[in-house]
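Have a look at the structure below, then the notes.
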Amino acid sequence: MLKKEEPKDPAVAFRYPRVITYKHSLGYQSKFAHALKMGRIIATKCPVDGRCTVPPRIVCPMHHVKQTEWVDQGQRGKLLSAFKINFPMFDSRTGELKSWETPIVSIELEGGARMDGWCAETDTEKLKPGMILEAVWRPEEERQGRVDDILYWKPV
Ligand SMILES: [Zn+2]
C-alpha cells in the first residue's frame with residue numbers, strides 16, 4: 001500500500017488585482033464606447049417596434065432583424081426600480097471584498113432604452129418609481145469608454 005504524501009505547501013494563493021495588459025476589440029460596440037468617452041449614451045433601435053437597446057445589439061433579440069439605427073438616449077431617465085445589497089460582495093474589477101452603500105437602479109432613459117447603474121441617494125425609501133435621475137460622469141480625461149464612466153445617477 002502506498003503511503004499518501006502530504007503536500008509541503010497545499011495552499012495556492014493569488015493576489016488581486018493581477019496586472020494583465022491586453023487589447024480587446026469591441027467590434028460593433030465601439031461606437032457605444034466612443035460615445036461613453038464623450039459623455040453620451042447611445043442605443044441601437046429595432047426597425048420593427050422602435051425598441052432601443054443598451055448595451056447595443058447587432059440583432060434585435062425579439063424580432064431577429066438587424067439594428068442599424070443609433071439613437072441618443074439623453075442624460076436623464078425615469079427610475080423603474082432600486083435595490084440595495086446588504087452583505088459584502090467581491091468587486092469584479094478589484095477582487096476585493098466590499099460593502100455596497102449605493103443602491104443599484106434600473107432606469108428608462110429619455111430615448112427609451114433601459115439600463116442599470118448606481119444611485120447617489122443611499123436611502124432607498126426616498127427612491128420612488130417614476131422619479132427622474134440624471135447621469136453623473138467621470139471627468140472627461142478619466143473616461144475609458146465603459147459604462148462605469150457614469151459614476152452614478154442622482155435624483156433631479
Ligand atoms: Zn425588435
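As shown in the C-alpha cells, the chain order sets the letters A, B, ...; within each chain, residues go from 1, and ligands are also counted from 1 in the order they appear.
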Next item on the list: Find the residues around A:Trp118 up to 12 Å (only C-alpha atoms counted), leave out those fewer than 5 positions away in its own chain, and share them as a list of chain:residue names.
Entry: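 Residues meeting the cut-off are A:Leu79, A:Ser81, A:Ala82, A:Phe83, A:Lys84, A:Ile85, A:Trp100, A:Glu101, A:Thr102, A:Pro103, A:Ile104, A:Val105, A:Ser106, A:Ile107, A:Thr124, A:Leu133, A:Glu134, A:Ala135, A:Val136, A:Trp137, A:Val147, A:Asp148, A:Asp149, A:Ile150, A:Leu151, A:Tyr152, A:Trp153, A:Lys154, A:Pro155.
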With N, CA and C atoms retained, write the just-selected residues as a PDB file, in the first residue's frame.
```
ATOM      1  N   LEU A  79     -36.777  56.445 -13.031  1.00  0.00           N
ATOM      2  CA  LEU A  79     -36.444  55.300 -12.182  1.00  0.00           C
ATOM      3  C   LEU A  79     -37.518  54.226 -12.308  1.00  0.00           C
ATOM      4  N   SER A  81     -36.765  50.793 -10.871  1.00  0.00           N
ATOM      5  CA  SER A  81     -36.642  50.036  -9.622  1.00  0.00           C
ATOM      6  C   SER A  81     -35.286  50.296  -8.985  1.00  0.00           C
ATOM      7  N   ALA A  82     -35.200  49.995  -7.699  1.00  0.00           N
ATOM      8  CA  ALA A  82     -33.943  50.184  -6.966  1.00  0.00           C
ATOM      9  C   ALA A  82     -33.841  49.104  -5.905  1.00  0.00           C
ATOM     10  N   PHE A  83     -32.630  48.621  -5.685  1.00  0.00           N
ATOM     11  CA  PHE A  83     -32.413  47.681  -4.584  1.00  0.00           C
ATOM     12  C   PHE A  83     -31.002  47.855  -4.056  1.00  0.00           C
ATOM     13  N   LYS A  84     -30.821  47.384  -2.843  1.00  0.00           N
ATOM     14  CA  LYS A  84     -29.542  47.544  -2.174  1.00  0.00           C
ATOM     15  C   LYS A  84     -29.012  46.166  -1.766  1.00  0.00           C
ATOM     16  N   ILE A  85     -27.726  45.967  -1.902  1.00  0.00           N
ATOM     17  CA  ILE A  85     -27.092  44.716  -1.474  1.00  0.00           C
ATOM     18  C   ILE A  85     -26.637  44.920  -0.031  1.00  0.00           C
ATOM     19  N   TRP A 100     -21.495  47.498  -0.220  1.00  0.00           N
ATOM     20  CA  TRP A 100     -22.099  48.339  -1.246  1.00  0.00           C
ATOM     21  C   TRP A 100     -23.076  49.277  -0.580  1.00  0.00           C
ATOM     22  N   GLU A 101     -22.721  50.547  -0.504  1.00  0.00           N
ATOM     23  CA  GLU A 101     -23.568  51.542   0.154  1.00  0.00           C
ATOM     24  C   GLU A 101     -24.618  52.102  -0.794  1.00  0.00           C
ATOM     25  N   THR A 102     -24.287  52.145  -2.086  1.00  0.00           N
ATOM     26  CA  THR A 102     -25.192  52.776  -3.044  1.00  0.00           C
ATOM     27  C   THR A 102     -26.128  51.748  -3.677  1.00  0.00           C
ATOM     28  N   PRO A 103     -27.408  52.094  -3.783  1.00  0.00           N
ATOM     29  CA  PRO A 103     -28.361  51.177  -4.409  1.00  0.00           C
ATOM     30  C   PRO A 103     -28.086  50.996  -5.910  1.00  0.00           C
ATOM     31  N   ILE A 104     -28.516  49.876  -6.426  1.00  0.00           N
ATOM     32  CA  ILE A 104     -28.472  49.617  -7.868  1.00  0.00           C
ATOM     33  C   ILE A 104     -29.848  49.996  -8.415  1.00  0.00           C
ATOM     34  N   VAL A 105     -29.845  50.814  -9.460  1.00  0.00           N
ATOM     35  CA  VAL A 105     -31.116  51.282 -10.015  1.00  0.00           C
ATOM     36  C   VAL A 105     -31.273  50.826 -11.459  1.00  0.00           C
ATOM     37  N   SER A 106     -32.522  50.622 -11.844  1.00  0.00           N
ATOM     38  CA  SER A 106     -32.861  50.350 -13.226  1.00  0.00           C
ATOM     39  C   SER A 106     -33.586  51.595 -13.741  1.00  0.00           C
ATOM     40  N   ILE A 107     -33.157  52.077 -14.907  1.00  0.00           N
ATOM     41  CA  ILE A 107     -33.633  53.368 -15.414  1.00  0.00           C
ATOM     42  C   ILE A 107     -34.138  53.235 -16.844  1.00  0.00           C
ATOM     43  N   THR A 124     -33.037  54.050   0.201  1.00  0.00           N
ATOM     44  CA  THR A 124     -33.949  53.509  -0.818  1.00  0.00           C
ATOM     45  C   THR A 124     -35.399  53.928  -0.575  1.00  0.00           C
ATOM     46  N   LEU A 133     -33.856  60.725 -12.718  1.00  0.00           N
ATOM     47  CA  LEU A 133     -32.451  60.649 -12.322  1.00  0.00           C
ATOM     48  C   LEU A 133     -31.586  61.173 -13.457  1.00  0.00           C
ATOM     49  N   GLU A 134     -30.453  61.746 -13.083  1.00  0.00           N
ATOM     50  CA  GLU A 134     -29.529  62.299 -14.075  1.00  0.00           C
ATOM     51  C   GLU A 134     -28.148  61.648 -13.934  1.00  0.00           C
ATOM     52  N   ALA A 135     -27.503  61.380 -15.069  1.00  0.00           N
ATOM     53  CA  ALA A 135     -26.184  60.743 -15.065  1.00  0.00           C
ATOM     54  C   ALA A 135     -25.115  61.703 -14.554  1.00  0.00           C
ATOM     55  N   VAL A 136     -24.227  61.203 -13.694  1.00  0.00           N
ATOM     56  CA  VAL A 136     -23.047  61.952 -13.250  1.00  0.00           C
ATOM     57  C   VAL A 136     -21.829  61.185 -13.772  1.00  0.00           C
ATOM     58  N   TRP A 137     -21.061  61.863 -14.622  1.00  0.00           N
ATOM     59  CA  TRP A 137     -19.957  61.228 -15.344  1.00  0.00           C
ATOM     60  C   TRP A 137     -18.614  61.461 -14.653  1.00  0.00           C
ATOM     61  N   VAL A 147     -19.220  51.504 -19.232  1.00  0.00           N
ATOM     62  CA  VAL A 147     -20.445  52.018 -18.609  1.00  0.00           C
ATOM     63  C   VAL A 147     -20.170  52.615 -17.238  1.00  0.00           C
ATOM     64  N   ASP A 148     -19.072  52.206 -16.585  1.00  0.00           N
ATOM     65  CA  ASP A 148     -18.789  52.840 -15.296  1.00  0.00           C
ATOM     66  C   ASP A 148     -18.112  54.204 -15.468  1.00  0.00           C
ATOM     67  N   ASP A 149     -18.054  54.726 -16.701  1.00  0.00           N
ATOM     68  CA  ASP A 149     -17.739  56.144 -16.895  1.00  0.00           C
ATOM     69  C   ASP A 149     -18.877  56.989 -16.312  1.00  0.00           C
ATOM     70  N   ILE A 150     -20.059  56.385 -16.218  1.00  0.00           N
ATOM     71  CA  ILE A 150     -21.156  57.027 -15.468  1.00  0.00           C
ATOM     72  C   ILE A 150     -20.909  56.608 -14.015  1.00  0.00           C
ATOM     73  N   LEU A 151     -20.499  57.558 -13.196  1.00  0.00           N
ATOM     74  CA  LEU A 151     -20.171  57.233 -11.807  1.00  0.00           C
ATOM     75  C   LEU A 151     -21.413  56.767 -11.046  1.00  0.00           C
ATOM     76  N   TYR A 152     -22.502  57.523 -11.217  1.00  0.00           N
ATOM     77  CA  TYR A 152     -23.748  57.203 -10.564  1.00  0.00           C
ATOM     78  C   TYR A 152     -24.867  58.054 -11.152  1.00  0.00           C
ATOM     79  N   TRP A 153     -26.077  57.783 -10.693  1.00  0.00           N
ATOM     80  CA  TRP A 153     -27.262  58.561 -11.102  1.00  0.00           C
ATOM     81  C   TRP A 153     -27.741  59.325  -9.891  1.00  0.00           C
ATOM     82  N   LYS A 154     -28.085  60.601 -10.092  1.00  0.00           N
ATOM     83  CA  LYS A 154     -28.568  61.385  -8.949  1.00  0.00           C
ATOM     84  C   LYS A 154     -29.985  61.869  -9.221  1.00  0.00           C
ATOM     85  N   PRO A 155     -30.805  61.929  -8.169  1.00  0.00           N
ATOM     86  CA  PRO A 155     -32.147  62.466  -8.345  1.00  0.00           C
ATOM     87  C   PRO A 155     -32.102  63.938  -8.753  1.00  0.00           C
TER      88      PRO A 155
END
```
Could I get the residues of chain A with an atom no further than 8 Å from an atom of ligand 1, each paired with its nearest atom pair and that distance in Å to one decimal, using only C-alpha atoms and all ligand atoms, sorted by chain and residue number, as a Markdown table?
```
| residue | atom | partner | partner_atom_place_in_ligand_line | distance |
| --- | --- | --- | --- | --- |
| A:Lys45 | CA | ligand 1 | 1 (Zn) | 7.8 |
| A:Cys46 | CA | ligand 1 | 1 (Zn) | 4.4 |
| A:Pro47 | CA | ligand 1 | 1 (Zn) | 6.6 |
| A:Val48 | CA | ligand 1 | 1 (Zn) | 5.3 |
| A:Asp49 | CA | ligand 1 | 1 (Zn) | 5.5 |
| A:Gly50 | CA | ligand 1 | 1 (Zn) | 6.9 |
| A:Arg51 | CA | ligand 1 | 1 (Zn) | 6.2 |
| A:Cys60 | CA | ligand 1 | 1 (Zn) | 4.6 |
| A:Pro61 | CA | ligand 1 | 1 (Zn) | 6.5 |
| A:Met62 | CA | ligand 1 | 1 (Zn) | 4.9 |
| A:His63 | CA | ligand 1 | 1 (Zn) | 4.4 |
| A:His64 | CA | ligand 1 | 1 (Zn) | 6.8 |
| A:Val65 | CA | ligand 1 | 1 (Zn) | 6.8 |
```
Using the selection just defined, write its residues with N, CA and C atoms as a compact mmCIF listing (two decimals), in the first residue's frame.
```txt
# COMPACT_ATOMS: atom_id res chain seq x y z
N LYS A 45 -31.62 50.76 -32.27
CA LYS A 45 -33.07 50.81 -32.32
C LYS A 45 -33.61 49.73 -33.26
N CYS A 46 -34.60 49.02 -32.80
CA CYS A 46 -35.22 47.97 -33.61
C CYS A 46 -36.07 48.61 -34.71
N PRO A 47 -35.88 48.19 -36.00
CA PRO A 47 -36.68 48.77 -37.08
C PRO A 47 -38.14 48.29 -37.07
N VAL A 48 -38.43 47.24 -36.31
CA VAL A 48 -39.81 46.71 -36.29
C VAL A 48 -40.67 47.47 -35.26
N ASP A 49 -40.23 47.52 -34.00
CA ASP A 49 -41.08 48.15 -32.98
C ASP A 49 -40.46 49.40 -32.35
N GLY A 50 -39.24 49.78 -32.77
CA GLY A 50 -38.62 51.00 -32.28
C GLY A 50 -37.99 50.89 -30.90
N ARG A 51 -37.96 49.68 -30.34
CA ARG A 51 -37.37 49.48 -29.01
C ARG A 51 -35.86 49.73 -29.08
N CYS A 60 -31.94 42.50 -33.13
CA CYS A 60 -32.98 42.60 -32.11
C CYS A 60 -33.28 41.20 -31.58
N PRO A 61 -33.22 41.02 -30.25
CA PRO A 61 -33.47 39.70 -29.69
C PRO A 61 -34.93 39.25 -29.82
N MET A 62 -35.85 40.19 -30.06
CA MET A 62 -37.27 39.84 -30.18
C MET A 62 -37.66 39.52 -31.63
N HIS A 63 -37.17 40.34 -32.58
CA HIS A 63 -37.62 40.21 -33.97
C HIS A 63 -36.58 39.62 -34.91
N HIS A 64 -35.37 39.40 -34.42
CA HIS A 64 -34.29 38.79 -35.21
C HIS A 64 -34.00 39.54 -36.50
N VAL A 65 -34.01 40.87 -36.41
CA VAL A 65 -33.64 41.72 -37.55
C VAL A 65 -32.46 42.60 -37.15
```
Check: So which bits of stretch 32-86 of chain A end up strand (DSSP E) when you DSSP the backbone, as a list in words?
Finding: Ile42, Ala43, Thr44, Lys45, Cys52, Thr53, Glu69, Trp70, Val71, Asp72, Arg76, Gly77, Lys78, Leu79, Leu80, Ser81, Ala82 and Phe83 of chain A
Margin query: Report as number ranges by chain all protein, DNA and RNA residues lying within 7 Å of stretch 68-76 of chain A, evaluated on only C-alpha atoms, omitting residues in the same chain fewer than 2 positions from it.
Written below: A: 41-45, 66, 109-112, 132-135
Item checked: Sel. of alpha helix (DSSP H) residues, chain A, as an NGL selection string -> :A and (30-37)
Check: Nearest to A:Gly130: which of A:Ala33, A:Gly117, A:Leu80, A:Gln67 is it, counting only C-alpha atoms?
Finding: A:Leu80
Next item on the list: Provide the atom CA of A:Lys78 to atom CA of A:Glu108 distance in Å, to one decimal place.
Entry: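 Distance between the two atoms: 5.1 Å.
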Note to self: Please compute the atom CA of A:Arg143-atom CA of A:Leu36 distance, one decimal, in Å.
What the structure shows: 7.7 Å
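Considering the residues A:Arg40, A:Tyr16, A:Gln29, A:Gly145 and counting only C-alpha atoms, A:Glu96 has its shortest atom-to-atom contact with A:Tyr16.
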Next item on the list: Quote the spacing between atom CA of A:Glu125 and atom CA of A:Phe87 in Å to one decimal place.
Entry: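 If I compute the distance from atom CA of A:Glu125 to atom CA of A:Phe87, I get 18.5 Å.
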